[in-house]
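Engineer: One structure coming up, written as structure tokens, with questions to follow.
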Amino acid sequence: MRTPSRVRAWPLVAGLVCLVSPLFSGAALAQTVNAPEHKKSAAYEWLDIALETVAREHVRNGPRPTVSSRMFGVVVTAMYDAWAAYDDKAVGTQLGGKLRRPPAERTEANKRKAVAYATYRALLYLCPEDRQYIAEQMRQYGFDPSDNSTDVSTPQGVGNVAAAAVIEYRRGDGANQGGDELGSNGTPYSDYTFYKATNPADKIIDPDCWQPIPFDDANKPGAKVTPGFLTPHWYRVKPFALKRSDQFRPAPPPKMGSEQLRNEADEVLAMNAGLTLEQKATVEFMRDGPRSTGQSGHWLRFAQAVSARDHYDIDRDVKLYFAVGNVAMDAFIAAWEAKRYYDSSRPWTLIHYYYSGKDVTGWAGPGKGVAKMRGEEWHPYSPYVFITPPFPGYVSGHSTVSAASAKMLELFTGSDYFGATETRHAGELTEPGLSCEVKQMVNGRPAVGIAADGGVTLKLPTFTATAEMAGISRVLGGYHIQADNVAGLELGRKVALYVWPITKSYFDGTAVREGQQLAGDEGARGGRGSN
């Protein structure tokens, strides 16, 4: 396998971890890093609730990683702003130091209660359909979900007020949560920028441009559904720290007629035809399952694993989740700006175009192995109900968000070391009947790294390795070419390096927004971005 110079060729069995929500939990991952018994903070527990709530939203509305990233951004920011009232230096993002409580009130109990109310209010705003579930969580912690107090001398008042300020700021941030942006169709999060694909689903007009793909309808056997570009307006969403969504726009991707594009398309074709069990486990590594929380949720789970490993308390948990959740949100915005600007095709279109009418070798479907087929019949290693994510390829969102989150974890902890492991089964989502022990044997025994039941032990030595393996998994699966991956990794790291000093300024009370220091009583909200 050719590896671009900027991507490390980590061993495929030794550089992975489970990231699919139904098979993976923060608690499970915490055990894999050999952490002694960890007492979860209120922030950790409320992040668990947020992850479950977003997973429920995913089941109802399908995979929307951009939307999920904003949801987590709102939650961790509301949580942080409420907590900051009980810190001696930190300032909130919306009200600065206005909520600061006197030293006598800066207790663990008050922090727990303020965080609970702030998270509860944020989740109600984002996922009102789950009101009953979220309210029940409040009751289990002994809190009254109907307490709407705005008395900031009480922790519930602090939580409610902090969340209300974040919600008000995000209400018109360009995401179109209410479906009320001029030009939209009234559907929440719908496009209002009038994007139109160059290529129809059944014809390649311009192979350099993105093409919608017909999927099997999971709800109607025999029927097809053709999703459009998911949230093509996302480049207009107000970032947390970036000045503009195009601030770090990468150079253009390779175009039709270039040797690089043909070579990278051929690389995907070769990978698809020769996937080992380890590589199939790599592909499943970052694939969204039926209850996924997207890349933002995955990396927040990793943050929880760090918390368990290093025994974080509520103060460090709140800061860590705030840092990771917001850098992931900004990375999605930056990635979607590039996707919208370049509108580039994916391997599905490239291989169908290059090899139309010619024989290729590729994955033939669940349980069918590899076979010869016409180029226009080529299929990524992916379920027929979700062939390729419905948006342009350049840059890879997985690569961008993973690199940004990994770098943020490294900057926050002061080390790139992670040290986690997880067991996965090759093909568990794409071809669950795959028999690992029959497919790959050496001298009558399962191949090295493959357990008797087909389980693959996947290791994450560092945050950087995690991000790079997340990126390469998308090339192995046939969803991206290397250019999408490499540029995404670079973009994500640039975003994190820019966002980190701004994040720290909130922690130390020196944050400034629109020329105004937030540590005083005159906290101000930033205006909507120009992009």
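Going by the structure tokens order, chains are called A, B, ..., each with residues numbered from 1, while ligands are numbered from 1 in the order shown.
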Within 10 Å of Ala328 (chain A), counting only C-alpha atoms, which residues qualify if same-chain residues fewer than 2 places away don't, as a count of residues only?
Structural biologist: 31
Engineer: Per DSSP on the backbone, what are the strand (DSSP E) residues of region 261-426 of chain A, as a CSV table (one decimal) with N, CA and C atoms, in the first residue's frame?
Structural biologist:
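Resulting contents of result27.csv:
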```
chain,number,residue,atom,x,y,z
A,359,ASP,N,-13.1,-4.1,-17.1
A,359,ASP,CA,-13.1,-5.0,-15.9
A,359,ASP,C,-12.2,-4.5,-14.8
A,360,VAL,N,-12.7,-4.6,-13.6
A,360,VAL,CA,-12.0,-4.3,-12.4
A,360,VAL,C,-12.2,-5.5,-11.4
A,361,THR,N,-11.4,-5.5,-10.4
A,361,THR,CA,-11.6,-6.5,-9.3
A,361,THR,C,-11.9,-5.7,-8.0
A,362,GLY,N,-13.0,-6.1,-7.4
A,362,GLY,CA,-13.4,-5.4,-6.2
A,362,GLY,C,-14.3,-6.2,-5.3
A,363,TRP,N,-14.6,-5.7,-4.2
A,363,TRP,CA,-15.5,-6.3,-3.2
A,363,TRP,C,-16.9,-6.6,-3.8
A,370,VAL,N,-14.2,-11.2,-3.2
A,370,VAL,CA,-13.7,-10.3,-4.2
A,370,VAL,C,-14.0,-11.0,-5.6
A,371,ALA,N,-14.4,-10.2,-6.6
A,371,ALA,CA,-14.7,-10.7,-7.9
A,371,ALA,C,-14.5,-9.7,-9.0
A,372,LYS,N,-14.4,-10.2,-10.2
A,372,LYS,CA,-14.3,-9.3,-11.3
A,372,LYS,C,-15.7,-8.7,-11.6
A,373,MET,N,-15.7,-7.4,-12.0
A,373,MET,CA,-16.9,-6.7,-12.4
A,373,MET,C,-16.6,-5.6,-13.3
A,374,ARG,N,-17.6,-5.0,-13.9
A,374,ARG,CA,-17.4,-3.8,-14.7
A,374,ARG,C,-17.1,-2.6,-13.8
A,417,TYR,N,0.7,10.6,24.2
A,417,TYR,CA,0.5,9.2,24.6
A,417,TYR,C,-1.0,9.0,24.9
A,418,PHE,N,-1.5,7.9,24.4
A,418,PHE,CA,-2.9,7.5,24.8
A,418,PHE,C,-2.9,6.1,25.4
A,419,GLY,N,-2.5,5.1,24.7
A,419,GLY,CA,-2.4,3.8,25.3
A,419,GLY,C,-3.6,3.0,25.5
A,420,ALA,N,-4.6,3.1,24.6
A,420,ALA,CA,-5.8,2.4,24.7
A,420,ALA,C,-5.9,1.2,23.7
A,421,THR,N,-6.7,0.2,24.1
A,421,THR,CA,-7.0,-0.9,23.2
A,421,THR,C,-8.4,-1.2,23.2
A,422,GLU,N,-8.9,-2.0,22.1
A,422,GLU,CA,-10.2,-2.4,22.0
A,422,GLU,C,-10.3,-3.6,21.1
A,423,THR,N,-11.2,-4.5,21.3
A,423,THR,CA,-11.4,-5.6,20.4
A,423,THR,C,-12.5,-5.4,19.4
A,424,ARG,N,-12.2,-5.6,18.1
A,424,ARG,CA,-13.3,-5.5,17.1
A,424,ARG,C,-13.3,-6.7,16.3
A,425,HIS,N,-14.4,-6.9,15.5
A,425,HIS,CA,-14.5,-8.0,14.6
A,425,HIS,C,-14.6,-7.5,13.2
```
Engineer: Tell me which protein, DNA and RNA residues are within 9 Å of Ala303 (chain A), counting only C-alpha atoms, leaving out same-chain ones fewer than 4 positions away, and put them as a list in words.
Structural biologist: Gly26, His298, Trp299, Ser307, Ala308, Asp317, Leu320, Tyr321, Val324 and Leu409 of chain A
Engineer: Can I get the selection written as a PDB file, in the first residue's frame, with C-alpha atoms?
Structural biologist:
```
ATOM      1  CA  GLY A  26     -16.346   5.455  27.644  1.00  0.00           C
ATOM      2  CA  HIS A 298     -16.164   9.536  19.295  1.00  0.00           C
ATOM      3  CA  TRP A 299     -13.464  11.965  20.339  1.00  0.00           C
ATOM      4  CA  SER A 307     -10.287  11.389  32.295  1.00  0.00           C
ATOM      5  CA  ALA A 308     -10.513   7.851  33.624  1.00  0.00           C
ATOM      6  CA  ASP A 317     -13.288  17.253  32.946  1.00  0.00           C
ATOM      7  CA  LEU A 320     -11.260  19.001  28.577  1.00  0.00           C
ATOM      8  CA  TYR A 321     -14.727  18.442  27.115  1.00  0.00           C
ATOM      9  CA  VAL A 324     -12.405  18.882  22.497  1.00  0.00           C
ATOM     10  CA  LEU A 409      -5.949  16.153  23.478  1.00  0.00           C
TER      11      LEU A 409
END
```
Engineer: Need to verify the contact set: region 266-282 of chain A, 6 Å, only C-alpha atoms, exclusion of same-chain residues closer than 2 positions in sequence. Can you return it as a short mmCIF file (atom, residue, chain, number, x, y, z; two decimals) with N, CA and C atoms, in the first residue's frame?
Structural biologist:
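For reference, out.cif as written:
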```cif
data_model
loop_
_atom_site.label_atom_id
_atom_site.label_comp_id
_atom_site.auth_asym_id
_atom_site.auth_seq_id
_atom_site.Cartn_x
_atom_site.Cartn_y
_atom_site.Cartn_z
N VAL A 13 -3.16 -3.51 12.65
CA VAL A 13 -3.75 -4.09 13.85
C VAL A 13 -3.34 -3.30 15.08
N ASN A 263 -3.61 7.92 -10.03
CA ASN A 263 -2.88 7.02 -9.13
C ASN A 263 -3.63 6.79 -7.83
N GLU A 264 -4.23 7.85 -7.30
CA GLU A 264 -4.93 7.71 -6.03
C GLU A 264 -6.25 6.96 -6.18
N GLU A 284 -14.10 -0.55 9.72
CA GLU A 284 -15.19 -0.46 10.69
C GLU A 284 -14.85 0.48 11.83
N PHE A 285 -13.58 0.73 12.02
CA PHE A 285 -13.06 1.58 13.08
C PHE A 285 -13.83 2.89 13.24
N THR A 361 -11.39 -5.51 -10.38
CA THR A 361 -11.58 -6.46 -9.30
C THR A 361 -11.94 -5.69 -8.04
N GLY A 362 -13.00 -6.11 -7.37
CA GLY A 362 -13.43 -5.38 -6.19
C GLY A 362 -14.28 -6.24 -5.28
N TRP A 363 -14.65 -5.66 -4.16
CA TRP A 363 -15.51 -6.33 -3.20
C TRP A 363 -16.87 -6.59 -3.83
N ALA A 426 -13.79 -8.01 12.30
CA ALA A 426 -13.77 -7.56 10.91
C ALA A 426 -15.15 -7.74 10.28
N GLY A 427 -15.61 -6.71 9.61
CA GLY A 427 -16.86 -6.79 8.89
C GLY A 427 -18.10 -6.76 9.75
N SER A 473 -8.53 4.79 7.38
CA SER A 473 -9.65 3.86 7.31
C SER A 473 -10.63 4.26 6.22
N LEU A 476 -9.09 3.08 2.87
CA LEU A 476 -9.24 1.63 2.76
C LEU A 476 -10.67 1.25 2.42
N GLY A 478 -12.81 2.95 0.72
CA GLY A 478 -13.22 3.38 -0.61
C GLY A 478 -14.07 4.62 -0.61
#
```
Engineer: Excluding Gly471 (chain A) and any residue of its chain fewer than 2 positions from it, enumerate the residues within 7 Å of it, using only C-alpha atoms, and give them as an MDAnalysis selection string.
Structural biologist: chainID A and resid 398:399 467:469 473:474 485
Engineer: Go ahead and save the picked residues with N, CA and C atoms, as a PDB file, in the first residue's frame.
Structural biologist:
```
ATOM      1  N   HIS A 398     -13.641  12.936   8.535  1.00  0.00           N
ATOM      2  CA  HIS A 398     -13.048  12.065   9.547  1.00  0.00           C
ATOM      3  C   HIS A 398     -11.611  12.494   9.845  1.00  0.00           C
ATOM      4  N   SER A 399     -10.839  12.739   8.785  1.00  0.00           N
ATOM      5  CA  SER A 399      -9.439  13.110   8.964  1.00  0.00           C
ATOM      6  C   SER A 399      -9.313  14.460   9.650  1.00  0.00           C
ATOM      7  N   ALA A 467      -5.723   9.461  15.102  1.00  0.00           N
ATOM      8  CA  ALA A 467      -6.232  10.326  14.040  1.00  0.00           C
ATOM      9  C   ALA A 467      -5.803   9.826  12.664  1.00  0.00           C
ATOM     10  N   GLU A 468      -4.546   9.413  12.540  1.00  0.00           N
ATOM     11  CA  GLU A 468      -4.061   8.958  11.235  1.00  0.00           C
ATOM     12  C   GLU A 468      -4.723   7.657  10.807  1.00  0.00           C
ATOM     13  N   MET A 469      -5.003   6.788  11.757  1.00  0.00           N
ATOM     14  CA  MET A 469      -5.691   5.560  11.406  1.00  0.00           C
ATOM     15  C   MET A 469      -7.162   5.804  11.095  1.00  0.00           C
ATOM     16  N   SER A 473      -8.532   4.789   7.381  1.00  0.00           N
ATOM     17  CA  SER A 473      -9.652   3.859   7.314  1.00  0.00           C
ATOM     18  C   SER A 473     -10.633   4.262   6.222  1.00  0.00           C
ATOM     19  N   ARG A 474     -10.727   5.554   5.960  1.00  0.00           N
ATOM     20  CA  ARG A 474     -11.675   6.027   4.940  1.00  0.00           C
ATOM     21  C   ARG A 474     -11.156   5.771   3.526  1.00  0.00           C
ATOM     22  N   ASN A 485      -7.629  12.657   2.577  1.00  0.00           N
ATOM     23  CA  ASN A 485      -7.141  12.299   3.904  1.00  0.00           C
ATOM     24  C   ASN A 485      -5.999  13.204   4.344  1.00  0.00           C
TER      25      ASN A 485
END
```
Engineer: May I have all residues of region 48-295 of chain A that DSSP, computed from the backbone, assigns to alpha helix (DSSP H), given as an NGL selection string?
Structural biologist: :A and (48-61 or 65-84 or 108-126 or 131-140 or 155-171 or 259-273 or 277-285 or 294-295)
